[in-house]
$ cat work.cif   # mmCIF, C-alpha atoms and all ligand atoms
data_query
loop_
_atom_site.label_atom_id
_atom_site.label_comp_id
_atom_site.auth_asym_id
_atom_site.auth_seq_id
_atom_site.Cartn_x
_atom_site.Cartn_y
_atom_site.Cartn_z
CA MET A 1 -71.95 -27.93 46.32
CA LEU A 2 -72.12 -30.87 43.90
CA PRO A 3 -68.73 -32.64 43.68
CA ARG A 4 -68.71 -32.43 39.88
CA LEU A 5 -68.95 -28.60 40.07
CA ARG A 6 -66.06 -28.20 42.46
CA PRO A 7 -63.32 -28.15 39.80
CA LEU A 8 -65.05 -25.19 38.19
CA CYS A 9 -64.72 -23.21 41.40
CA ARG A 10 -61.06 -23.82 42.07
CA ALA A 11 -58.50 -21.06 41.81
CA ARG A 12 -58.40 -19.76 38.27
CA ASN A 13 -55.27 -19.69 36.16
CA ASP A 14 -54.28 -16.63 34.14
CA ALA A 15 -56.25 -17.61 31.07
CA THR A 16 -59.53 -17.98 32.92
CA ARG A 17 -58.91 -14.79 34.87
CA VAL A 18 -58.52 -12.94 31.59
CA ALA A 19 -61.77 -14.47 30.33
CA GLY A 20 -63.45 -13.43 33.57
CA GLU A 21 -62.22 -9.87 33.18
CA ARG A 22 -63.63 -9.79 29.67
CA THR A 23 -67.02 -11.06 30.86
CA ARG A 24 -67.18 -8.64 33.78
CA LEU A 25 -66.14 -5.73 31.61
CA THR A 26 -68.86 -6.63 29.14
CA CYS A 27 -71.42 -6.65 31.99
CA TRP A 28 -70.26 -3.24 33.13
CA PHE A 29 -70.33 -1.88 29.63
CA GLU A 30 -73.87 -3.17 29.15
CA SER A 31 -75.00 -1.59 32.39
CA LEU A 32 -73.64 1.77 31.24
CA VAL A 33 -75.17 1.80 27.76
CA VAL A 34 -78.45 0.08 28.50
CA ASP A 35 -80.31 3.40 28.59
CA SER A 36 -78.71 4.75 25.42
CA HIS A 37 -80.42 5.38 22.12
CA PRO A 38 -80.31 2.20 19.93
CA LEU A 39 -78.06 3.86 17.30
CA GLN A 40 -75.69 5.15 19.92
CA ARG A 41 -75.64 1.74 21.54
CA ARG A 42 -74.87 -0.04 18.26
CA ARG A 43 -71.99 2.34 17.61
CA ALA A 44 -70.75 1.86 21.15
CA GLU A 45 -70.83 -1.91 20.76
CA THR A 46 -68.74 -1.68 17.59
CA VAL A 47 -66.17 0.56 19.24
CA PHE A 48 -66.15 -1.65 22.32
CA ALA A 49 -65.43 -4.78 20.28
CA SER A 50 -62.63 -3.15 18.30
CA ASP A 51 -61.08 -1.61 21.40
CA LEU A 52 -61.12 -4.92 23.20
CA ASN A 53 -59.28 -6.49 20.31
CA ALA A 54 -56.72 -3.69 20.12
CA ASN A 55 -55.26 -4.49 23.51
CA ALA A 56 -54.16 -7.81 24.88
CA PHE A 57 -55.54 -8.33 28.37
CA GLY A 58 -52.85 -8.61 30.96
CA ALA A 59 -50.19 -6.83 28.87
CA GLY A 60 -47.74 -4.96 31.06
CA LEU A 61 -44.92 -2.49 30.54
CA ASP A 62 -42.35 -5.10 29.46
CA ARG A 63 -42.63 -4.42 25.76
CA TYR A 64 -42.15 -0.69 26.36
CA SER A 65 -39.26 -0.95 28.80
CA GLN A 66 -37.19 1.51 26.74
CA LEU A 67 -39.76 4.20 27.58
CA VAL A 68 -39.92 3.50 31.32
CA VAL A 69 -37.87 6.00 33.31
CA SER A 70 -36.85 5.86 36.97
CA ASP A 71 -34.10 7.16 39.21
CA SER A 72 -31.06 4.98 39.40
CA GLY A 73 -28.62 4.91 42.28
CA ALA A 74 -28.33 8.12 44.23
CA ASN A 75 -31.31 10.41 43.84
CA PRO A 76 -30.55 13.58 41.93
CA ARG A 77 -30.64 16.54 44.28
CA ASN A 78 -32.79 19.62 43.96
CA GLY A 79 -35.16 18.11 41.43
CA VAL A 80 -38.87 17.41 41.50
CA ARG A 81 -39.41 13.74 42.18
CA VAL A 82 -42.44 12.10 40.56
CA THR A 83 -43.82 8.77 41.82
CA TYR A 84 -46.61 6.97 40.00
CA LEU A 85 -49.06 5.35 42.42
CA GLY A 86 -51.39 3.70 39.89
CA THR A 87 -54.58 4.83 38.08
CA ASN A 88 -54.18 8.64 37.93
CA SER A 89 -52.37 8.90 41.28
CA TYR A 90 -49.09 10.77 41.61
CA GLN A 91 -46.83 12.03 44.31
CA PHE A 92 -44.65 15.05 43.60
CA GLU A 93 -41.83 15.75 46.04
CA PHE A 94 -39.50 18.68 46.33
CA LYS A 95 -37.06 18.87 49.22
CA ASN A 96 -39.18 18.13 52.29
CA HIS A 97 -42.51 18.87 50.65
CA ALA A 98 -44.97 16.55 48.96
CA LEU A 99 -48.13 16.90 46.90
CA LEU A 100 -50.56 14.15 45.90
CA VAL A 101 -52.97 13.97 42.97
CA ASP A 102 -55.95 11.55 42.93
CA PRO A 103 -54.51 9.06 45.46
CA TYR A 104 -56.41 5.77 45.00
CA PHE A 105 -55.08 2.50 46.39
CA SER A 106 -58.16 0.40 47.20
CA ARG A 107 -58.65 -0.67 43.59
CA VAL A 108 -62.23 -1.84 43.92
CA ASP A 109 -62.89 -4.81 41.64
CA LEU A 110 -64.93 -4.49 38.48
CA LEU A 111 -67.66 -6.87 39.63
CA SER A 112 -68.45 -4.69 42.67
CA VAL A 113 -68.75 -1.67 40.42
CA ALA A 114 -70.78 -3.47 37.76
CA LEU A 115 -73.23 -4.92 40.25
CA GLY A 116 -73.65 -1.68 42.19
CA ALA A 117 -72.30 -3.29 45.35
CA HIS A 118 -71.40 -1.34 48.47
CA ILE A 119 -67.81 -0.13 48.04
CA GLN A 120 -65.45 1.23 50.66
CA PRO A 121 -61.74 1.97 51.09
CA ASN A 122 -59.54 -1.10 51.55
CA SER A 123 -57.48 -0.22 54.63
CA SER A 124 -54.83 -2.88 54.13
CA ARG A 125 -54.20 -1.91 50.49
CA ILE A 126 -54.06 1.75 51.53
CA ALA A 127 -51.54 0.93 54.27
CA ASP A 128 -49.37 -1.00 51.77
CA SER A 129 -49.29 1.90 49.33
CA MET A 130 -48.76 4.54 52.00
CA ARG A 131 -45.27 3.10 52.51
CA HIS A 132 -44.41 4.96 49.30
CA VAL A 133 -46.03 8.23 50.36
CA ALA A 134 -44.39 10.99 52.40
CA PRO A 135 -45.52 11.07 56.05
CA THR A 136 -46.70 14.65 55.68
CA VAL A 137 -48.29 15.99 52.51
CA ASP A 138 -48.98 19.67 51.79
CA ALA A 139 -52.09 19.09 49.70
CA ILE A 140 -54.12 16.54 47.79
CA LEU A 141 -55.45 17.70 44.41
CA VAL A 142 -58.42 15.81 43.00
CA THR A 143 -59.47 16.04 39.35
CA HIS A 144 -63.07 14.80 39.81
CA GLY A 145 -65.37 12.85 42.09
CA HIS A 146 -65.32 9.32 40.64
CA PHE A 147 -64.40 6.57 43.09
CA ASP A 148 -61.08 5.85 41.37
CA HIS A 149 -59.96 9.40 42.22
CA LEU A 150 -61.70 10.27 45.50
CA LEU A 151 -62.69 7.11 47.42
CA ASP A 152 -59.48 6.91 49.47
CA VAL A 153 -58.90 10.63 49.90
CA PRO A 154 -60.47 11.07 53.37
CA ILE A 155 -58.23 8.30 54.79
CA VAL A 156 -55.11 9.56 53.01
CA MET A 157 -55.86 13.07 54.31
CA SER A 158 -56.07 11.84 57.89
CA LYS A 159 -52.81 9.89 57.55
CA THR A 160 -50.81 12.71 55.92
CA HIS A 161 -52.46 15.83 57.43
CA ALA A 162 -52.97 17.11 53.89
CA ARG A 163 -55.49 19.72 52.87
CA LEU A 164 -57.85 18.84 50.02
CA ILE A 165 -58.18 20.98 46.90
CA ALA A 166 -61.00 19.89 44.60
CA SER A 167 -64.30 20.91 43.03
CA ARG A 168 -67.33 21.78 45.12
CA THR A 169 -68.94 18.42 44.35
CA SER A 170 -65.79 16.46 45.22
CA ILE A 171 -65.40 18.35 48.49
CA ASP A 172 -69.00 17.59 49.38
CA LEU A 173 -68.51 13.88 48.61
CA ALA A 174 -65.25 13.73 50.56
CA LYS A 175 -66.80 15.41 53.61
CA ARG A 176 -69.74 13.00 53.56
CA ALA A 177 -67.17 10.18 53.41
CA GLY A 178 -65.36 11.48 56.48
CA ALA A 179 -62.97 14.24 55.34
CA SER A 180 -62.61 16.91 57.99
CA SER A 181 -62.22 19.84 55.60
CA GLY A 182 -61.76 20.85 51.99
CA ASP A 183 -60.97 23.83 49.81
CA ALA A 184 -63.54 24.03 46.99
CA VAL A 185 -61.96 25.59 43.91
CA ILE A 186 -63.01 26.55 40.40
CA ALA A 187 -61.07 27.13 37.20
CA GLY A 188 -58.92 30.24 37.49
CA ASP A 189 -58.20 29.85 41.19
CA VAL A 190 -54.58 29.85 42.33
CA ARG A 191 -53.26 28.36 45.55
CA ARG A 192 -49.76 28.82 46.95
CA ILE A 193 -48.87 26.15 49.48
CA GLY A 194 -45.28 25.85 50.65
CA PRO A 195 -43.10 25.79 47.52
CA TRP A 196 -46.04 24.86 45.25
CA LYS A 197 -48.01 27.25 43.08
CA ILE A 198 -51.15 25.48 41.89
CA ARG A 199 -53.29 26.90 39.12
CA VAL A 200 -56.75 25.34 38.74
CA LEU A 201 -57.84 24.78 35.15
CA ALA A 202 -61.13 23.88 33.51
CA ALA A 203 -61.30 20.32 32.17
CA SER A 204 -63.80 17.82 30.85
CA HIS A 205 -64.33 14.11 31.44
CA ASP A 206 -64.09 11.69 28.55
CA ARG A 207 -67.18 9.78 27.54
CA LEU A 208 -67.53 6.04 27.82
CA PHE A 209 -69.47 5.15 24.66
CA GLY A 210 -71.29 8.41 24.39
CA LYS A 211 -71.80 9.49 27.96
CA VAL A 212 -69.77 10.51 30.96
CA PRO A 213 -70.15 7.83 33.65
CA PHE A 214 -72.03 8.98 36.77
CA ASP A 215 -72.23 12.47 35.31
CA GLN A 216 -74.07 14.38 38.01
CA THR A 217 -72.53 17.59 39.30
CA ALA A 218 -74.46 17.53 42.54
CA SER A 219 -74.84 14.78 45.06
CA GLN A 220 -78.05 12.79 44.89
CA HIS A 221 -78.05 11.88 48.57
CA SER A 222 -76.98 13.52 51.77
CA GLY A 223 -75.42 10.50 53.49
CA PRO A 224 -72.04 8.89 52.90
CA PRO A 225 -71.47 7.70 49.33
CA GLN A 226 -71.84 3.92 49.28
CA HIS A 227 -71.86 2.74 45.69
CA ALA A 228 -69.69 3.59 42.67
CA ALA A 229 -72.61 5.57 41.22
CA ASP A 230 -72.70 7.78 44.34
CA TRP A 231 -69.19 9.02 43.53
CA VAL A 232 -70.42 11.42 40.89
CA CYS A 233 -68.10 13.18 38.47
CA GLY A 234 -68.80 16.75 39.54
CA GLU A 235 -66.89 19.56 37.85
CA PRO A 236 -63.74 18.10 36.19
CA LEU A 237 -60.52 20.00 36.87
CA ALA A 238 -56.94 20.00 35.65
CA PHE A 239 -53.97 21.55 37.43
CA LEU A 240 -50.87 23.45 36.45
CA ILE A 241 -48.27 23.02 39.18
CA GLU A 242 -45.27 25.33 39.36
CA ILE A 243 -42.40 24.14 41.50
CA ASN A 244 -38.78 25.19 41.58
CA GLY A 245 -39.14 26.98 38.24
CA GLN A 246 -40.64 23.92 36.52
CA HIS A 247 -44.20 23.49 35.26
CA ILE A 248 -46.23 20.29 35.46
CA TYR A 249 -49.65 19.97 33.81
CA ILE A 250 -51.92 17.15 34.98
CA ASP A 251 -55.43 16.02 34.07
CA SER A 252 -57.22 12.69 34.17
CA GLY A 253 -58.41 12.62 30.57
CA GLY A 254 -60.95 14.68 28.67
CA THR A 255 -62.33 15.80 25.37
CA ALA A 256 -61.15 18.44 22.90
CA ALA A 257 -63.20 21.10 24.73
CA PRO A 258 -61.58 22.54 26.63
CA LEU A 259 -58.02 21.90 25.54
CA PRO A 260 -55.15 22.63 27.94
CA PRO A 261 -53.89 26.21 27.95
CA THR A 262 -51.11 27.34 25.63
CA VAL A 263 -48.42 27.14 28.29
CA HIS A 264 -45.21 25.29 27.57
CA VAL A 265 -44.56 22.84 30.35
CA ASP A 266 -41.75 20.60 31.49
CA LEU A 267 -43.98 17.60 32.13
CA ALA A 268 -47.50 16.93 30.83
CA ILE A 269 -49.44 14.12 32.47
CA MET A 270 -52.62 13.45 30.54
CA GLY A 271 -55.21 10.73 31.05
CA MET A 272 -55.37 8.38 28.07
CA ALA A 273 -57.89 5.79 29.26
CA LEU A 274 -60.55 6.26 26.59
CA PRO A 275 -60.94 7.28 22.92
CA ASP A 276 -61.99 10.88 23.73
CA SER A 277 -58.70 11.49 25.50
CA ARG A 278 -56.67 10.09 22.65
CA ALA A 279 -58.62 12.13 20.08
CA ARG A 280 -57.44 15.38 21.68
CA LEU A 281 -53.84 14.28 22.16
CA THR A 282 -52.18 15.99 19.19
CA ALA A 283 -53.99 19.30 19.81
CA ALA A 284 -53.14 19.15 23.52
CA LEU A 285 -49.46 18.43 22.83
CA GLU A 286 -49.37 21.31 20.35
CA ARG A 287 -50.49 23.66 23.14
CA LEU A 288 -48.41 22.33 25.99
CA LYS A 289 -45.24 21.47 24.03
CA PRO A 290 -44.01 19.47 27.03
CA ARG A 291 -40.39 18.49 27.46
CA TYR A 292 -41.73 15.16 28.75
CA PHE A 293 -45.13 13.60 28.08
CA LEU A 294 -46.44 10.93 30.43
CA PRO A 295 -49.69 9.26 29.36
CA SER A 296 -51.74 8.41 32.45
CA HIS A 297 -54.76 6.39 33.61
CA GLN A 298 -53.74 3.58 31.27
CA ASP A 299 -53.55 0.74 33.77
CA ASP A 300 -56.34 -1.69 34.64
CA PHE A 301 -57.46 -0.03 37.86
CA PHE A 302 -59.80 -2.89 38.74
CA LEU A 303 -56.82 -5.07 39.61
CA PRO A 304 -54.85 -4.65 42.86
CA LEU A 305 -51.62 -2.69 42.63
CA SER A 306 -49.80 -5.81 43.83
CA GLU A 307 -50.46 -7.43 40.44
CA GLY A 308 -48.27 -4.85 38.74
CA PHE A 309 -49.01 -2.52 35.84
CA GLN A 310 -51.31 -4.00 33.22
CA PHE A 311 -52.82 -1.93 30.45
CA GLY A 312 -56.57 -1.40 30.77
CA PRO A 313 -58.71 -3.07 28.12
CA LEU A 314 -59.88 0.20 26.54
CA THR A 315 -56.45 1.80 26.29
CA ASP A 316 -54.53 2.01 23.02
CA PHE A 317 -50.94 2.82 23.81
CA PRO A 318 -49.65 2.05 20.27
CA ARG A 319 -51.88 4.87 19.01
CA VAL A 320 -50.64 7.23 21.76
CA GLN A 321 -47.10 6.34 20.77
CA SER A 322 -47.68 6.97 17.08
CA ASP A 323 -49.54 10.29 17.62
CA CYS A 324 -46.80 11.46 19.94
CA ALA A 325 -44.10 10.56 17.39
CA GLN A 326 -45.89 12.52 14.67
CA GLU A 327 -46.32 15.54 16.88
CA ASN A 328 -42.69 15.41 17.93
CA HIS A 329 -43.39 17.43 21.05
CA GLY A 330 -41.44 16.18 23.99
CA ARG A 331 -40.09 12.86 25.01
CA LEU A 332 -42.70 10.15 25.60
CA ILE A 333 -42.10 8.38 28.90
CA LEU A 334 -43.80 5.79 31.07
CA LEU A 335 -43.56 5.25 34.83
CA ASP A 336 -44.03 1.97 36.68
CA TYR A 337 -45.77 1.75 40.05
CA PHE A 338 -43.80 3.13 43.00
CA ARG A 339 -40.56 3.74 41.07
CA PRO A 340 -39.68 7.43 41.55
CA TRP A 341 -38.26 9.52 38.73
CA THR A 342 -36.74 12.96 39.09
CA LEU A 343 -37.76 15.44 36.43
CA PRO A 344 -34.50 16.68 34.90
CA ALA A 345 -33.83 20.37 35.33
CA HIS A 346 -33.69 22.69 32.35
CA GLN A 347 -30.32 22.91 30.73
CA ALA A 348 -28.86 26.21 31.85
CA PRO A 349 -29.40 28.70 29.03
CA ASN A 350 -26.31 30.22 27.44
CA PRO A 351 -26.13 33.71 28.99
CA LYS A 352 -24.53 35.10 25.81
CA ILE A 353 -27.60 34.33 23.69
CA GLN A 354 -30.29 34.56 26.32
CA ARG A 355 -32.90 37.16 25.60
CA PRO A 356 -35.07 38.69 28.32
CA GLY A 357 -38.34 36.82 28.84
CA LYS A 358 -37.32 33.94 26.54
CA ARG A 359 -37.43 30.51 28.15
CA SER A 360 -35.09 27.69 27.24
CA ASN A 361 -36.49 25.01 24.94
CA SER A 362 -33.74 22.59 25.75
CA ASP A 363 -34.65 19.02 26.47
CA GLY A 364 -32.47 18.76 29.53
CA LYS A 365 -32.09 14.98 29.35
ZN ZN A 401 -63.61 9.47 35.99
#
$ encode --input "work.cif" --output "structure tokens"
Amino acid sequence: MLPRLRPLCRARNDATRVAGERTRLTCWFESLVVDSHPLQRRRAETVFASDLNANAFGAGLDRYSQLVVSDSGANPRNGVRVTYLGTNSYQFEFKNHALLVDPYFSRVDLLSVALGAHIQPNSSRIADSMRHVAPTVDAILVTHGHFDHLLDVPIVMSKTHARLIASRTSIDLAKRAGASSGDAVIAGDVRRIGPWKIRVLAASHDRLFGKVPFDQTASQHSGPPQHAADWVCGEPLAFLIEINGQHIYIDSGGTAAPLPPTVHVDLAIMGMALPDSRARLTAALERLKPRYFLPSHQDDFFLPLSEGFQFGPLTDFPRVQSDCAQENHGRLILLDYFRPWTLPAHQAPNPKIQRPGKRSNSDGK
């Protein structure tokens, strides 16, 4: 290497890292829209530019600290404990039982995805994150087959002895990546596992500038998935989890069709990574009327978890906040990585005014 070029290759400071992220994101964006119709592409470029400007790269949760909830001191007993594990990954715990959704700890970098490089689980990052996961897990629920939801699942299954509940396409991908088994489900299915009652719901995947990334519903190859594009979306799912008399709805994002069911829930976790997801927010909140609303999939999942929560460049949390305030359904909350929070129980209804079949609307804070 020429001596005069060496300074350019030294460790980058924050400012240059941010510039690098912007450049790599632009490359990825271009690779996704390159086949689009020219009009669609022009529109996408406009949206892309405005979305990039709407969010400061590297912004974390600091400015929203009043919304971040976590358990303090002694853990409340008999509640459902929720731990955010980054991207759209969650652990739910109740007594000695645990459930995982979309566990993803490898956090493949954007350049590898953009360039179509070979990607694989990062065993040391998985081991680090597994310190926050229960040793035995009843089940892993997966919303769809993209790498940021399914790549690490076979390894997490083997470490936790969990069964996998996912779409037919996701099960096929996971098995080709080494999973020993899987329970292929469709919307309408119900599974009872330990204390959990899991209802499978139809969902959609939000579009990235006009099209769902890696949108196939069937695998293109028969061997192990090797590149980001091999981890195809498949049939998107959402889940309604009933535990200890409480209801938790979770998806990873989506469009206005279909909307979540009209079922009032205690906690709604909805992906908010892209404009499609935000466009359906008010209608979804109107149906779910959650006591607590946790926007999800907002972090930059191309960075390692060790760098802490940073909003992804296409998120728009100020808009989520303002739509949520207008809708006035439930308390908007945020969770930080690996900081458990116990979902407060319903306030006990007053037996003198309780009517049969009527559920309490109390906030239970
Ligand atoms: Zn996805």
$ residues_around --input "work.cif" --residues "Tyr90 of chain A" --least-positions-apart "5" --cutoff "9 Å" --atoms "all atoms listed in the file" --output "MDAnalysis selection string"
chainID A and resid 82:85 99:103
$ residues_around --input "work.cif" --residues "Thr217 of chain A" --least-positions-apart "6" --cutoff "9 Å" --atoms "only C-alpha atoms" --output "list of chain:residue names"
A:Arg168, A:Thr169, A:Val232, A:Cys233, A:Gly234, A:Glu235
$ residues_near_ligand --input "work.cif" --ligand "ligand ZN 401 (chain A)" --cutoff "8 Å" --atoms "all atoms listed in the file" --output "PyMOL selection string"
chain A and resi 144-149+205-206+213+233+252
$ closest_atom_pairs --input "work.cif" --of "segment 101-164 of chain A" --to "segment 179-197 of chain A" --cutoff "12 Å" --atoms "all atoms listed in the file" --output "Markdown table"
| residue | atom | partner | partner_atom | distance |
| --- | --- | --- | --- | --- |
| A:Val137 | CA | A:Gly194 | CA | 10.5 |
| A:Asp138 | CA | A:Ile193 | CA | 6.9 |
| A:Ala139 | CA | A:Ile193 | CA | 7.8 |
| A:Ile140 | CA | A:Gly182 | CA | 9.7 |
| A:Leu141 | CA | A:Asp183 | CA | 9.9 |
| A:Val142 | CA | A:Val185 | CA | 10.4 |
| A:Thr143 | CA | A:Val185 | CA | 10.9 |
| A:His144 | CA | A:Val185 | CA | 11.6 |
| A:Leu150 | CA | A:Ala179 | CA | 10.7 |
| A:Leu151 | CA | A:Ala179 | CA | 10.7 |
| A:Asp152 | CA | A:Ala179 | CA | 10.0 |
| A:Val153 | CA | A:Ala179 | CA | 7.7 |
| A:Pro154 | CA | A:Ala179 | CA | 4.5 |
| A:Ile155 | CA | A:Ala179 | CA | 7.6 |
| A:Val156 | CA | A:Ala179 | CA | 9.4 |
| A:Met157 | CA | A:Ala179 | CA | 7.3 |
| A:Ser158 | CA | A:Ala179 | CA | 7.7 |
| A:Lys159 | CA | A:Ala179 | CA | 11.3 |
| A:His161 | CA | A:Ser180 | CA | 10.2 |
| A:Ala162 | CA | A:Gly182 | CA | 9.7 |
| A:Arg163 | CA | A:Gly182 | CA | 6.4 |
| A:Leu164 | CA | A:Gly182 | CA | 4.8 |
$ atom_distance --input "work.cif" --atom1 "atom CA of Leu173 of chain A" --atom2 "atom CA of Gln120 of chain A"
13.2 Å
$ closest_residue --input "work.cif" --among "A:Leu267, A:Leu303, A:Ala256, A:Ala127" --to "Leu111 of chain A" --atoms "all atoms listed in the file"
A:Leu303
$ closest_residue --input "work.cif" --among "A:Glu242, A:Asp172, A:Glu327, A:Asp128" --to "Ser222 of chain A" --atoms "all atoms listed in the file"
A:Asp172
